[in-house]
file entry.pdb (PDB, C-alpha atoms, pLDDT in the B column)
ATOM      1  CA  MET Z 271       7.976 -35.555 -38.971  1.00 52.00           C
ATOM      2  CA  THR Z 272       8.678 -35.928 -42.682  1.00 50.00           C
ATOM      3  CA  ALA Z 273      12.162 -36.845 -43.884  1.00 50.00           C
ATOM      4  CA  ALA Z 274      12.582 -33.373 -45.394  1.00 47.00           C
ATOM      5  CA  ARG Z 275      11.622 -31.694 -42.138  1.00 51.00           C
ATOM      6  CA  LEU Z 276      14.039 -33.909 -40.206  1.00 47.00           C
ATOM      7  CA  ARG Z 277      16.901 -33.011 -42.549  1.00 50.00           C
ATOM      8  CA  ASP Z 278      16.049 -29.326 -42.313  1.00 52.00           C
ATOM      9  CA  TYR Z 279      15.855 -29.476 -38.524  1.00 45.00           C
ATOM     10  CA  ALA Z 280      19.264 -31.183 -38.236  1.00 48.00           C
ATOM     11  CA  ALA Z 281      20.882 -28.558 -40.466  1.00 47.00           C
ATOM     12  CA  ARG Z 282      19.328 -25.630 -38.609  1.00 49.00           C
ATOM     13  CA  TYR Z 283      20.211 -27.171 -35.235  1.00 47.00           C
ATOM     14  CA  ASP Z 284      23.857 -27.476 -36.266  1.00 49.00           C
ATOM     15  CA  ASP Z 285      23.892 -23.867 -37.454  1.00 48.00           C
ATOM     16  CA  ASP Z 286      22.554 -22.724 -34.051  1.00 52.00           C
ATOM     17  CA  TYR Z 287      24.716 -24.925 -31.832  1.00 57.00           C
ATOM     18  CA  GLY Z 288      26.977 -22.263 -30.255  1.00 70.00           C
ATOM     19  CA  TYR Z 289      25.418 -21.486 -26.883  1.00 80.00           C
ATOM     20  CA  GLU Z 290      23.129 -24.505 -27.206  1.00 83.00           C
ATOM     21  CA  SER Z 291      26.157 -26.683 -26.402  1.00 85.00           C
ATOM     22  CA  ARG Z 292      26.243 -25.102 -22.932  1.00 85.00           C
ATOM     23  CA  LEU Z 293      22.612 -26.023 -22.337  1.00 89.00           C
ATOM     24  CA  VAL Z 294      23.256 -29.542 -23.617  1.00 91.00           C
ATOM     25  CA  ALA Z 295      26.061 -29.977 -21.071  1.00 90.00           C
ATOM     26  CA  ALA Z 296      23.955 -28.671 -18.172  1.00 91.00           C
ATOM     27  CA  ARG Z 297      20.966 -30.756 -19.261  1.00 93.00           C
ATOM     28  CA  ARG Z 298      23.162 -33.832 -19.471  1.00 94.00           C
ATOM     29  CA  GLU Z 299      24.338 -33.421 -15.864  1.00 95.00           C
ATOM     30  CA  VAL Z 300      20.718 -33.373 -14.695  1.00 95.00           C
ATOM     31  CA  THR Z 301      19.920 -36.554 -16.596  1.00 96.00           C
ATOM     32  CA  LEU Z 302      23.072 -38.328 -15.429  1.00 97.00           C
ATOM     33  CA  ALA Z 303      22.098 -37.519 -11.850  1.00 96.00           C
ATOM     34  CA  ARG Z 304      18.736 -39.217 -12.424  1.00 95.00           C
ATOM     35  CA  LEU Z 305      20.495 -42.268 -13.858  1.00 96.00           C
ATOM     36  CA  ARG Z 306      22.660 -42.493 -10.752  1.00 96.00           C
ATOM     37  CA  ALA Z 307      19.602 -42.245  -8.525  1.00 96.00           C
ATOM     38  CA  LEU Z 308      17.374 -44.703 -10.413  1.00 95.00           C
ATOM     39  CA  ARG Z 309      19.943 -47.311 -11.505  1.00 96.00           C
ATOM     40  CA  PRO Z 310      17.803 -48.610 -14.399  1.00 97.00           C
ATOM     41  CA  ALA Z 311      18.681 -51.923 -16.039  1.00 97.00           C
ATOM     42  CA  ARG Z 312      17.252 -50.888 -19.439  1.00 98.00           C
ATOM     43  CA  VAL Z 313      17.261 -47.355 -20.867  1.00 98.00           C
ATOM     44  CA  VAL Z 314      15.750 -45.788 -23.989  1.00 98.00           C
ATOM     45  CA  GLU Z 315      17.309 -42.511 -25.158  1.00 98.00           C
ATOM     46  CA  VAL Z 316      14.822 -40.851 -27.517  1.00 97.00           C
ATOM     47  CA  GLY Z 317      16.407 -38.397 -29.936  1.00 94.00           C
ATOM     48  CA  CYS Z 318      20.133 -38.077 -29.301  1.00 91.00           C
ATOM     49  CA  GLY Z 319      20.962 -34.937 -31.300  1.00 89.00           C
ATOM     50  CA  ARG Z 320      24.643 -34.431 -32.056  1.00 88.00           C
ATOM     51  CA  ASP Z 321      25.820 -35.410 -28.555  1.00 92.00           C
ATOM     52  CA  PRO Z 322      24.292 -38.718 -27.333  1.00 96.00           C
ATOM     53  CA  LEU Z 323      23.976 -39.324 -23.610  1.00 96.00           C
ATOM     54  CA  LEU Z 324      25.183 -42.925 -23.857  1.00 97.00           C
ATOM     55  CA  PRO Z 325      28.979 -42.396 -23.818  1.00 96.00           C
ATOM     56  CA  TYR Z 326      28.735 -40.019 -20.860  1.00 97.00           C
ATOM     57  CA  ALA Z 327      26.670 -42.567 -18.960  1.00 97.00           C
ATOM     58  CA  ARG Z 328      29.241 -45.258 -19.709  1.00 97.00           C
ATOM     59  CA  ALA Z 329      32.032 -42.977 -18.509  1.00 96.00           C
ATOM     60  CA  ARG Z 330      30.168 -42.641 -15.198  1.00 95.00           C
ATOM     61  CA  GLY Z 331      29.965 -46.428 -14.842  1.00 95.00           C
ATOM     62  CA  GLU Z 332      26.353 -46.948 -15.983  1.00 94.00           C
ATOM     63  CA  LEU Z 333      26.043 -50.487 -17.372  1.00 93.00           C
ATOM     64  CA  ALA Z 334      22.381 -50.527 -18.401  1.00 97.00           C
ATOM     65  CA  ARG Z 335      21.200 -52.076 -21.643  1.00 98.00           C
ATOM     66  CA  TRP Z 336      20.662 -49.042 -23.850  1.00 98.00           C
ATOM     67  CA  VAL Z 337      18.737 -48.225 -27.017  1.00 98.00           C
ATOM     68  CA  ILE Z 338      18.997 -44.913 -28.858  1.00 98.00           C
ATOM     69  CA  VAL Z 339      15.946 -44.105 -30.985  1.00 98.00           C
ATOM     70  CA  GLU Z 340      16.770 -41.591 -33.704  1.00 96.00           C
ATOM     71  CA  PRO Z 341      14.914 -40.834 -36.959  1.00 94.00           C
ATOM     72  CA  THR Z 342      17.331 -38.236 -38.356  1.00 93.00           C
ATOM     73  CA  ASP Z 343      20.110 -39.460 -40.671  1.00 93.00           C
ATOM     74  CA  ALA Z 344      22.767 -37.038 -39.449  1.00 92.00           C
ATOM     75  CA  PHE Z 345      22.121 -37.694 -35.770  1.00 94.00           C
ATOM     76  CA  ALA Z 346      21.790 -41.455 -36.310  1.00 95.00           C
ATOM     77  CA  ARG Z 347      25.314 -41.499 -37.750  1.00 95.00           C
ATOM     78  CA  VAL Z 348      26.549 -39.824 -34.553  1.00 95.00           C
ATOM     79  CA  ALA Z 349      24.615 -42.336 -32.430  1.00 96.00           C
ATOM     80  CA  ALA Z 350      26.074 -45.286 -34.327  1.00 96.00           C
ATOM     81  CA  ARG Z 351      29.599 -44.175 -33.419  1.00 96.00           C
ATOM     82  CA  ALA Z 352      28.662 -44.147 -29.712  1.00 95.00           C
ATOM     83  CA  LEU Z 353      27.410 -47.745 -29.551  1.00 97.00           C
ATOM     84  CA  ASP Z 354      29.033 -50.544 -27.572  1.00 96.00           C
ATOM     85  CA  ASP Z 355      28.194 -54.217 -27.000  1.00 96.00           C
ATOM     86  CA  ARG Z 356      25.369 -53.382 -24.567  1.00 97.00           C
ATOM     87  CA  SER Z 357      23.606 -50.837 -26.767  1.00 98.00           C
ATOM     88  CA  ALA Z 358      21.768 -50.552 -30.065  1.00 98.00           C
ATOM     89  CA  LEU Z 359      20.420 -47.926 -32.437  1.00 98.00           C
ATOM     90  CA  VAL Z 360      16.820 -48.158 -33.639  1.00 98.00           C
ATOM     91  CA  ARG Z 361      16.036 -45.877 -36.575  1.00 97.00           C
ATOM     92  CA  GLY Z 362      12.642 -44.195 -36.721  1.00 96.00           C
ATOM     93  CA  CYS Z 363      10.164 -42.268 -34.633  1.00 95.00           C
ATOM     94  CA  LEU Z 364       9.465 -43.938 -31.297  1.00 96.00           C
ATOM     95  CA  GLN Z 365       5.743 -44.374 -31.952  1.00 96.00           C
ATOM     96  CA  ASP Z 366       6.597 -46.485 -35.029  1.00 97.00           C
ATOM     97  CA  VAL Z 367       9.276 -48.729 -33.469  1.00 98.00           C
ATOM     98  CA  VAL Z 368       8.087 -49.658 -29.950  1.00 98.00           C
ATOM     99  CA  LEU Z 369       8.309 -53.416 -30.509  1.00 98.00           C
ATOM    100  CA  ARG Z 370      11.746 -53.113 -32.093  1.00 98.00           C
ATOM    101  CA  VAL Z 371      12.953 -51.085 -29.107  1.00 98.00           C
ATOM    102  CA  ILE Z 372      11.700 -53.653 -26.592  1.00 98.00           C
ATOM    103  CA  ASP Z 373      13.274 -56.446 -28.632  1.00 98.00           C
ATOM    104  CA  ALA Z 374      16.625 -54.617 -28.822  1.00 98.00           C
ATOM    105  CA  LEU Z 375      16.542 -54.035 -25.054  1.00 98.00           C
ATOM    106  CA  GLY Z 376      15.648 -57.643 -24.304  1.00 97.00           C
ATOM    107  CA  GLY Z 377      12.587 -56.511 -22.353  1.00 98.00           C
ATOM    108  CA  ALA Z 378      10.594 -53.458 -21.311  1.00 98.00           C
ATOM    109  CA  ALA Z 379      12.526 -50.322 -20.329  1.00 98.00           C
ATOM    110  CA  ASP Z 380      13.014 -49.079 -16.785  1.00 98.00           C
ATOM    111  CA  LEU Z 381      13.698 -45.512 -17.941  1.00 98.00           C
ATOM    112  CA  VAL Z 382      12.882 -43.490 -21.045  1.00 98.00           C
ATOM    113  CA  VAL Z 383      14.947 -40.302 -21.463  1.00 98.00           C
ATOM    114  CA  MET Z 384      13.324 -37.595 -23.551  1.00 97.00           C
ATOM    115  CA  ASP Z 385      15.614 -34.562 -23.312  1.00 95.00           C
ATOM    116  CA  SER Z 386      14.749 -31.392 -25.241  1.00 92.00           C
ATOM    117  CA  LEU Z 387      12.375 -33.174 -27.602  1.00 93.00           C
ATOM    118  CA  LEU Z 388       8.714 -32.953 -26.608  1.00 94.00           C
ATOM    119  CA  HIS Z 389       8.313 -29.300 -27.628  1.00 91.00           C
ATOM    120  CA  GLU Z 390       9.653 -30.131 -31.101  1.00 88.00           C
ATOM    121  CA  LEU Z 391       6.849 -32.498 -32.013  1.00 91.00           C
ATOM    122  CA  PRO Z 392       3.487 -31.814 -33.666  1.00 87.00           C
ATOM    123  CA  ASP Z 393       1.854 -34.624 -31.630  1.00 92.00           C
ATOM    124  CA  PRO Z 394       3.553 -34.976 -28.221  1.00 95.00           C
ATOM    125  CA  ALA Z 395       0.773 -37.230 -26.924  1.00 95.00           C
ATOM    126  CA  ALA Z 396       1.696 -39.870 -29.511  1.00 96.00           C
ATOM    127  CA  ILE Z 397       5.324 -40.124 -28.478  1.00 96.00           C
ATOM    128  CA  LEU Z 398       4.428 -40.113 -24.772  1.00 97.00           C
ATOM    129  CA  ASP Z 399       2.023 -42.977 -25.405  1.00 97.00           C
ATOM    130  CA  ALA Z 400       4.827 -44.812 -27.196  1.00 98.00           C
ATOM    131  CA  ALA Z 401       7.183 -44.168 -24.278  1.00 98.00           C
ATOM    132  CA  ARG Z 402       4.599 -45.584 -21.905  1.00 98.00           C
ATOM    133  CA  ARG Z 403       4.287 -48.713 -24.048  1.00 97.00           C
ATOM    134  CA  CYS Z 404       8.079 -49.161 -23.930  1.00 98.00           C
ATOM    135  CA  LEU Z 405       8.151 -49.032 -20.144  1.00 98.00           C
ATOM    136  CA  ALA Z 406       7.797 -51.773 -17.579  1.00 97.00           C
ATOM    137  CA  PRO Z 407       5.081 -51.277 -14.938  1.00 96.00           C
ATOM    138  CA  GLN Z 408       6.123 -48.419 -12.652  1.00 94.00           C
ATOM    139  CA  GLY Z 409       8.913 -47.532 -15.091  1.00 97.00           C
ATOM    140  CA  TRP Z 410      10.214 -43.960 -15.246  1.00 98.00           C
ATOM    141  CA  ILE Z 411      10.277 -41.214 -17.847  1.00 98.00           C
ATOM    142  CA  HIS Z 412      12.615 -38.222 -17.625  1.00 98.00           C
ATOM    143  CA  VAL Z 413      11.464 -35.256 -19.740  1.00 98.00           C
ATOM    144  CA  ASN Z 414      13.272 -31.956 -20.239  1.00 96.00           C
ATOM    145  CA  VAL Z 415      11.915 -28.971 -22.220  1.00 96.00           C
ATOM    146  CA  PRO Z 416      12.534 -25.222 -22.547  1.00 94.00           C
ATOM    147  CA  ASN Z 417      10.644 -23.189 -19.950  1.00 95.00           C
ATOM    148  CA  ALA Z 418       8.030 -20.664 -21.069  1.00 94.00           C
ATOM    149  CA  ASN Z 419       8.557 -18.776 -17.789  1.00 94.00           C
ATOM    150  CA  SER Z 420      12.329 -18.538 -18.120  1.00 94.00           C
ATOM    151  CA  LEU Z 421      14.033 -15.281 -17.214  1.00 93.00           C
ATOM    152  CA  HIS Z 422      14.874 -14.415 -20.809  1.00 90.00           C
ATOM    153  CA  ARG Z 423      11.235 -14.836 -21.892  1.00 91.00           C
ATOM    154  CA  ARG Z 424      10.029 -12.758 -18.965  1.00 92.00           C
ATOM    155  CA  LEU Z 425      12.561 -10.082 -19.884  1.00 90.00           C
ATOM    156  CA  ALA Z 426      11.413 -10.138 -23.518  1.00 88.00           C
ATOM    157  CA  ARG Z 427       7.829  -9.634 -22.370  1.00 87.00           C
ATOM    158  CA  ALA Z 428       8.848  -6.786 -20.041  1.00 90.00           C
ATOM    159  CA  MET Z 429      10.660  -5.125 -22.955  1.00 88.00           C
ATOM    160  CA  GLY Z 430       7.588  -5.431 -25.153  1.00 87.00           C
ATOM    161  CA  LEU Z 431       9.272  -7.832 -27.572  1.00 84.00           C
ATOM    162  CA  ILE Z 432       6.617 -10.492 -27.009  1.00 84.00           C
ATOM    163  CA  ASP Z 433       3.080 -10.243 -25.651  1.00 84.00           C
ATOM    164  CA  ASP Z 434       3.079 -13.607 -23.905  1.00 85.00           C
ATOM    165  CA  VAL Z 435       5.853 -15.820 -22.513  1.00 81.00           C
ATOM    166  CA  ARG Z 436       4.361 -18.713 -24.482  1.00 76.00           C
ATOM    167  CA  ALA Z 437       4.751 -16.871 -27.790  1.00 69.00           C
ATOM    168  CA  MET Z 438       6.970 -18.551 -30.369  1.00 59.00           C
ATOM    169  CA  SER Z 439      10.368 -16.851 -30.611  1.00 58.00           C
ATOM    170  CA  ALA Z 440      12.327 -16.406 -33.834  1.00 55.00           C
ATOM    171  CA  ARG Z 441      14.488 -19.369 -32.786  1.00 51.00           C
ATOM    172  CA  ASN Z 442      11.394 -21.515 -32.139  1.00 47.00           C
ATOM    173  CA  VAL Z 443      10.102 -20.684 -35.596  1.00 41.00           C
ATOM    174  CA  ALA Z 444      13.480 -21.268 -37.286  1.00 43.00           C
ATOM    175  CA  LEU Z 445      13.712 -24.739 -35.729  1.00 43.00           C
ATOM    176  CA  ALA Z 446      10.059 -25.491 -36.570  1.00 46.00           C
ATOM    177  CA  GLN Z 447       9.274 -26.131 -32.907  1.00 48.00           C
ATOM    178  CA  SER Z 448       5.631 -26.669 -32.058  1.00 63.00           C
ATOM    179  CA  ARG Z 449       5.119 -25.182 -28.589  1.00 83.00           C
ATOM    180  CA  VAL Z 450       6.678 -23.793 -25.424  1.00 89.00           C
ATOM    181  CA  TYR Z 451       5.745 -25.452 -22.134  1.00 95.00           C
ATOM    182  CA  ASP Z 452       5.411 -23.974 -18.702  1.00 95.00           C
ATOM    183  CA  LEU Z 453       5.612 -26.439 -15.823  1.00 96.00           C
ATOM    184  CA  ASP Z 454       1.849 -26.784 -15.404  1.00 96.00           C
ATOM    185  CA  ALA Z 455       1.365 -27.548 -19.094  1.00 95.00           C
ATOM    186  CA  LEU Z 456       4.148 -30.128 -19.031  1.00 97.00           C
ATOM    187  CA  LEU Z 457       2.694 -31.825 -15.963  1.00 98.00           C
ATOM    188  CA  ASP Z 458      -0.747 -31.897 -17.598  1.00 97.00           C
ATOM    189  CA  GLU Z 459       0.747 -33.430 -20.759  1.00 97.00           C
ATOM    190  CA  LEU Z 460       2.402 -36.204 -18.758  1.00 98.00           C
ATOM    191  CA  ARG Z 461      -0.660 -36.943 -16.630  1.00 98.00           C
ATOM    192  CA  GLY Z 462      -2.815 -37.105 -19.745  1.00 97.00           C
ATOM    193  CA  ALA Z 463      -0.453 -39.699 -21.208  1.00 97.00           C
ATOM    194  CA  GLY Z 464      -0.677 -42.000 -18.193  1.00 97.00           C
ATOM    195  CA  PHE Z 465       2.242 -40.821 -16.058  1.00 98.00           C
ATOM    196  CA  ALA Z 466       2.357 -39.721 -12.432  1.00 98.00           C
ATOM    197  CA  PRO Z 467       4.852 -36.860 -11.934  1.00 98.00           C
ATOM    198  CA  VAL Z 468       7.114 -37.409  -8.938  1.00 97.00           C
ATOM    199  CA  ALA Z 469       9.800 -34.710  -9.086  1.00 97.00           C
ATOM    200  CA  THR Z 470      10.400 -31.451 -10.962  1.00 97.00           C
ATOM    201  CA  GLY Z 471      13.310 -29.063 -11.348  1.00 97.00           C
ATOM    202  CA  GLY Z 472      15.231 -26.787 -13.675  1.00 96.00           C
ATOM    203  CA  HIS Z 473      18.708 -25.778 -14.730  1.00 94.00           C
ATOM    204  CA  THR Z 474      20.447 -22.666 -16.028  1.00 93.00           C
ATOM    205  CA  VAL Z 475      19.198 -19.138 -15.603  1.00 93.00           C
ATOM    206  CA  LYS Z 476      19.598 -17.603 -19.051  1.00 89.00           C
ATOM    207  CA  PRO Z 477      18.944 -13.849 -19.112  1.00 86.00           C
ATOM    208  CA  PHE Z 478      19.316 -13.330 -22.873  1.00 80.00           C
ATOM    209  CA  THR Z 479      18.945 -15.025 -26.251  1.00 80.00           C
ATOM    210  CA  HIS Z 480      21.328 -17.748 -27.428  1.00 78.00           C
ATOM    211  CA  ALA Z 481      23.251 -15.297 -29.626  1.00 80.00           C
ATOM    212  CA  GLN Z 482      23.516 -12.727 -26.819  1.00 83.00           C
ATOM    213  CA  MET Z 483      24.633 -15.415 -24.362  1.00 81.00           C
ATOM    214  CA  GLU Z 484      27.541 -16.275 -26.667  1.00 79.00           C
ATOM    215  CA  ARG Z 485      28.700 -12.667 -26.365  1.00 82.00           C
ATOM    216  CA  VAL Z 486      28.294 -12.836 -22.586  1.00 78.00           C
ATOM    217  CA  THR Z 487      30.600 -15.838 -22.559  1.00 74.00           C
ATOM    218  CA  GLU Z 488      33.220 -13.967 -24.560  1.00 78.00           C
ATOM    219  CA  ALA Z 489      33.005 -10.918 -22.291  1.00 80.00           C
ATOM    220  CA  LEU Z 490      32.708 -12.496 -18.848  1.00 75.00           C
ATOM    221  CA  GLY Z 491      34.156 -15.977 -19.163  1.00 76.00           C
ATOM    222  CA  PRO Z 492      32.879 -19.493 -18.436  1.00 76.00           C
ATOM    223  CA  GLY Z 493      32.623 -18.987 -14.666  1.00 83.00           C
ATOM    224  CA  VAL Z 494      29.545 -16.822 -15.152  1.00 81.00           C
ATOM    225  CA  LEU Z 495      27.859 -19.562 -17.182  1.00 80.00           C
ATOM    226  CA  GLU Z 496      28.649 -22.140 -14.521  1.00 85.00           C
ATOM    227  CA  GLY Z 497      27.068 -19.890 -11.913  1.00 89.00           C
ATOM    228  CA  LEU Z 498      23.992 -19.348 -14.066  1.00 86.00           C
ATOM    229  CA  ALA Z 499      23.661 -23.108 -14.557  1.00 86.00           C
ATOM    230  CA  ALA Z 500      23.707 -23.605 -10.776  1.00 89.00           C
ATOM    231  CA  LEU Z 501      21.159 -20.838 -10.212  1.00 91.00           C
ATOM    232  CA  GLY Z 502      18.691 -22.731 -12.375  1.00 92.00           C
ATOM    233  CA  HIS Z 503      18.659 -25.532  -9.787  1.00 93.00           C
ATOM    234  CA  GLU Z 504      17.937 -23.003  -7.032  1.00 94.00           C
ATOM    235  CA  MET Z 505      15.308 -21.085  -9.014  1.00 94.00           C
ATOM    236  CA  PRO Z 506      13.649 -23.540 -11.418  1.00 95.00           C
ATOM    237  CA  GLU Z 507      10.767 -21.144 -11.983  1.00 95.00           C
ATOM    238  CA  LEU Z 508      13.220 -18.858 -13.853  1.00 95.00           C
ATOM    239  CA  ALA Z 509      15.335 -21.600 -15.436  1.00 96.00           C
ATOM    240  CA  ALA Z 510      15.898 -21.855 -19.165  1.00 94.00           C
ATOM    241  CA  GLU Z 511      14.815 -25.495 -19.061  1.00 96.00           C
ATOM    242  CA  ILE Z 512      12.566 -27.506 -16.776  1.00 97.00           C
ATOM    243  CA  HIS Z 513      12.443 -31.231 -16.198  1.00 97.00           C
ATOM    244  CA  VAL Z 514      10.014 -33.761 -14.756  1.00 98.00           C
ATOM    245  CA  ASP Z 515      10.529 -37.303 -13.533  1.00 98.00           C
ATOM    246  CA  ALA Z 516       7.350 -39.338 -13.732  1.00 98.00           C
ATOM    247  CA  ARG Z 517       6.308 -42.962 -13.339  1.00 98.00           C
ATOM    248  CA  ARG Z 518       4.087 -45.021 -15.562  1.00 97.00           C
ATOM    249  CA  VAL Z 519       0.603 -45.430 -14.064  1.00 95.00           C
ATOM    250  CA  ASP Z 520      -0.908 -48.917 -14.413  1.00 87.00           C
TER     251      ASP Z 520
END
call {"tool": "encode", "arguments": {"input": "entry.pdb", "output": "structure tokens"}}
result
Amino acid sequence: MTAARLRDYAARYDDDYGYESRLVAARREVTLARLRALRPARVVEVGCGRDPLLPYARARGELARWVIVEPTDAFARVAARALDDRSALVRGCLQDVVLRVIDALGGAADLVVMDSLLHELPDPAAILDAARRCLAPQGWIHVNVPNANSLHRRLARAMGLIDDVRAMSARNVALAQSRVYDLDALLDELRGAGFAPVATGGHTVKPFTHAQMERVTEALGPGVLEGLAALGHEMPELAAEIHVDARRVD
């Protein structure tokens, strides 16, 4: 991405952060669960947004060496405030800073976290290749993206608002996002980049748009959102976001 596009994305993301914060929290719980299960010694967090994973991992007792890779000025400032003596910030796009990341980690990574990022990029294969080069043999990648087959996209199609669940929504266009993945497409992307998918899942059933979901929260309260987040684990095919854990193939 160009610097201008990165600045524009950060501004638009902040403007649209209302209900998105709920998805960030649910997404974070999924990723923290993977950290607990994998116990990596070295972690790369690619693209931290306005709410880095690092401090939440530390609060849960995760002691891994940690590098946040962030090209956007506004988000990098947030990341810098989250750092401790076992972590570092590397500025730039991952495909341009692989050697710097490995150096900052003190070795190859055991886990690369790529939450809500891949669909944003014009060339996802390039960043997946970079993630693979950061990883130790048999290292893991955790990828999370919006789900083309989510309930709210299926509802939009049923209402005649879109012709195809993979169509770009107004929010996708506003944030200059490049694509919408279904699970099969995401698995194909990872396999093509040299990863073997091991586990898949989803979180949060989201019946309506972000703006409409904010009104649902006001009308029905947070308990409904907590229930919808849990339903996404039970019904990943309808979830707002899907995730894949995959291992580097050597």
call {"tool": "closest_residue", "arguments": {"input": "entry.pdb", "among": "Z:Asp520, Z:Asp393, Z:Asp321, Z:Asp434", "to": "Phe345 in chain Z", "atoms": "only C-alpha atoms"}}
result
Z:Asp321
call {"tool": "closest_residue", "arguments": {"input": "entry.pdb", "among": "Z:Leu324, Z:Leu405, Z:Val450, Z:Val300", "to": "Glu390 in chain Z", "atoms": "all atoms listed in the file"}}
result
Z:Val450
call {"tool": "resolve_selection", "arguments": {"input": "entry.pdb", "expression": "the PyMOL selection byres ((chain Z and resi 415-424) around 10)", "output": "PyMOL selection string"}}
result
chain Z and resi 297+384-390+413-414+425-439+449-453+455-456+472-480+502+505-514
call {"tool": "atom_distance", "arguments": {"input": "entry.pdb", "atom1": "CA of Glu340 in chain Z", "atom2": "CA of Leu359 in chain Z"}}
result
7.4 Å
call {"tool": "atom_distance", "arguments": {"input": "entry.pdb", "atom1": "CA of Met483 in chain Z", "atom2": "CA of His503 in chain Z"}}
result
18.7 Å
call {"tool": "closest_residue", "arguments": {"input": "entry.pdb", "among": "Z:Ala295, Z:Ala311, Z:Ala500, Z:Ala346", "to": "Leu323 in chain Z", "atoms": "all atoms listed in the file"}}
result
Z:Ala295
call {"tool": "atom_distance", "arguments": {"input": "entry.pdb", "atom1": "CA of Val337 in chain Z", "atom2": "CA of Ala358 in chain Z"}}
result
4.9 Å
call {"tool": "closest_residue", "arguments": {"input": "entry.pdb", "among": "Z:Gly319, Z:Val314, Z:Ala334, Z:Ala469", "to": "Arg370 in chain Z", "atoms": "all atoms listed in the file"}}
result
Z:Val314
call {"tool": "residues_around", "arguments": {"input": "entry.pdb", "residues": "Trp410 in chain Z", "least_positions_apart": "6", "cutoff": "10 Å", "atoms": "all atoms listed in the file", "output": "PyMOL selection string"}}
result
chain Z and resi 308+310+313+379-383+401-402+465-468+515-519
call {"tool": "write_last_selection", "arguments": {"input": "entry.pdb", "atoms": "C-alpha atoms", "output": "compact mmCIF listing (two decimals), in the coordinates of the input"}}
result
# COMPACT_ATOMS: atom_id res chain seq x y z
CA LEU Z 308 17.37 -44.70 -10.41
CA PRO Z 310 17.80 -48.61 -14.40
CA VAL Z 313 17.26 -47.36 -20.87
CA ALA Z 379 12.53 -50.32 -20.33
CA ASP Z 380 13.01 -49.08 -16.78
CA LEU Z 381 13.70 -45.51 -17.94
CA VAL Z 382 12.88 -43.49 -21.04
CA VAL Z 383 14.95 -40.30 -21.46
CA ALA Z 401 7.18 -44.17 -24.28
CA ARG Z 402 4.60 -45.58 -21.90
CA PHE Z 465 2.24 -40.82 -16.06
CA ALA Z 466 2.36 -39.72 -12.43
CA PRO Z 467 4.85 -36.86 -11.93
CA VAL Z 468 7.11 -37.41 -8.94
CA ASP Z 515 10.53 -37.30 -13.53
CA ALA Z 516 7.35 -39.34 -13.73
CA ARG Z 517 6.31 -42.96 -13.34
CA ARG Z 518 4.09 -45.02 -15.56
CA VAL Z 519 0.60 -45.43 -14.06
call {"tool": "closest_residue", "arguments": {"input": "entry.pdb", "among": "Z:Leu391, Z:Val339, Z:Leu398, Z:Val371", "to": "Gly464 in chain Z", "atoms": "only C-alpha atoms"}}
result
Z:Leu398
call {"tool": "closest_residue", "arguments": {"input": "entry.pdb", "among": "Z:Arg306, Z:Arg320, Z:Arg298, Z:His412", "to": "Val348 in chain Z", "atoms": "only C-alpha atoms"}}
result
Z:Arg320
